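Some notes on the structure that comes next.
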Amino acid sequence: MPELVDSSPRNPAARATTQATSPGFRLSIPDVVRLGLLAAGLLCVLTGLLPRDEAAANMRRIGPLLLFLGSVIVLAELTRKAKVFDAIAHRFAILGRGRYPALFGLCVLFASATTILLNLDTTAVLITPVMLALAAPARIPPLPLAMTTLWLANTASLLLPVSNLTNLLAADRVALTATEFAARMWAPQLVSIAATMACLWLWYWRRERRKTDRYVPPEPIRPANSRERALSSTTAGACLLFILAIPLVGDRIGIAATLAAAIAVTAFAVFDRSALRLSLVPWRLLVFVVGLFLVVPTLSRFGLADSMHALIGTDSGASGAFRAAAAGATLGNLANNLPAYTAGEAVIPTQNGDQLLALLIGTNIGPIVTPWGSLATLLCLEFCRTHGVRVPMRRFVVTGLVLAIVATAGAVAGLLVTG
């Protein structure tokens with residue numbers, strides 16, 4: 001079976017990563033799909049297939065989420081430009097002292113913490129290229145680093161509402177604060193990360209796979225001058241303030257993210273104005289989300305809701321929870337995890353809190369079998385292509401299937417036991 005590889009600078013993935021900074025760029029195929037999805041959603045509203053009142057209610061619901069998503073990615077992108085993530089990655093590699101087991105644990109910690117605290121798309125968009133760039137100077141095989149960020153961007157996104165857009169939707173649906181949400185999801189998150197670590201070591205990190213005994217600790221990254229030092233400390237401080245605000249701000253997390261992003265933007269306006277471009281705003285992601293929340297409700301009115309109801313059922317016990325998780329994981333791999341969650345949420349009774357959280361587990365963890373299962377997976381694979389990293393597709397699918405089954409089942413069991 002062919003491998004996912006094309007390091008040519010002329011390939012679509014390479015173009016997709018450079019278009020954001022190119023003055024007159026052309027739309028890539030994924031961009032056309034996103035805009036087409038938005039156009040289809042607007043057409044559904046204009047033709048009456050989706051009543052305008054329902055469309056307006058959906059937009060009001062996701063408005064704060066879009067504010068959060070746009071702000072946190074701007075914050076993370078400016079933090080990356082200030083080389084904060086690069087400095088952390090290099091510091092972890094230095095702490096490992098050439099020992100792969102130590103590096104493995106530190107990489108898991110780095111990717112998991114970023115996903116949990118700053119959203120899975122931050123891990124996909126920012127940590128993946130940082131880790132791949134670390135591979136060459138440290139003489140580390142890049143595939144283990146790539147798979148660590150790819151898998152943990154999905155499987156470590158359970159603990160907090162900010163970890164995933166679907167979490168924000170679920171927390172709003174079951175009326176849980178950030179601390180209450182974490183109190184329900186800590187056990188599923190631990191099980192999921194433990195399963196991911198076991199699978200990563202077995203199939204990507206052990207000696208027989210990586211082919212080397214030790215790596216070369218790289219030199220630390222330090223600010224070259226006072227300007228870089230100011231940018232690094234300010235953006236790192238903004239991230240820290242946002243993280244500290246998570247358990248305190250409740251459903252105003254979008255405002256907290258916006259204020260933190262404003263601090264970072266102000267710092268760059270003072271010290272490096274050239275970095276402030278409109279391309280910092282993740283319009284592709286925002287367009288994709290808006291389109292989904294117009295198209296999926298329309299499909300639900302014309303048969304999708306009946307199909308999901310038949311798959312998920314209404315059992316509020318363990319059987320219903322496992323059915324919801326399986327349905328979410330399956331539909332997520334066939335289509336994408338976000339429409340899978342929204343379609344499932346629409347048919348789960350409001351009082352079935354465990355069933356809804358099990359659906360969330362299935363749609364967060366499960367869609368790691370197909371390359372299109374989640375946006376985070378697509379982004380990670382694009383960076384693998386642009387860095388010339390080979391991801392064998394047969395191995396990707398088979399190992400992802402095993403991890404999806406084990407981690408999803410284990411996480412749902414953890415939810416039910418602790419609940």
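Here's how to read the names in the structure tokens: chain A, B, ... by the order shown, residue numbers from 1 in each chain, ligand numbers from 1 in the order shown.
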Residue contacts of stretch 392-399 of chain A (12 Å, only C-alpha atoms) excluding same-chain residues fewer than 6 positions away, as an NGL selection string
:A and (1-5 or 143-144 or 146-147 or 150-151 or 195-196 or 198-204 or 333 or 366-373 or 377 or 381 or 384-385 or 405-407)
Please indicate the distance in Å from atom CA of A:Thr115 to atom CA of A:Cys239, rounded to one decimal place.
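Distance between the two atoms: 13.1 Å.
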Of the listed residues A:Ala346, A:Ala340, A:Ala413, A:Leu158, that which approaches A:Ala305 most closely, counting only C-alpha atoms
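Looking at the shortest contact to A:Ala305, the residue is A:Ala346.
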Let's see if you can do this: from backbone DSSP, list all helix (DSSP H, G or I) residues in stretch 91-202 of chain A, as JSON, numbers by chain.
{"A": [91, 92, 93, 94, 95, 96, 100, 101, 102, 103, 104, 105, 106, 107, 108, 109, 110, 111, 112, 113, 114, 115, 116, 117, 118, 120, 121, 122, 123, 124, 125, 126, 127, 128, 129, 130, 131, 132, 133, 134, 135, 136, 137, 138, 142, 143, 144, 145, 146, 147, 148, 149, 150, 151, 152, 153, 154, 155, 161, 162, 163, 165, 166, 167, 168, 169, 170, 171, 172, 173, 178, 179, 180, 181, 182, 183, 184, 185, 186, 187, 188, 189, 190, 191, 192, 193, 194, 195, 196, 197, 198, 199, 200, 201, 202]}
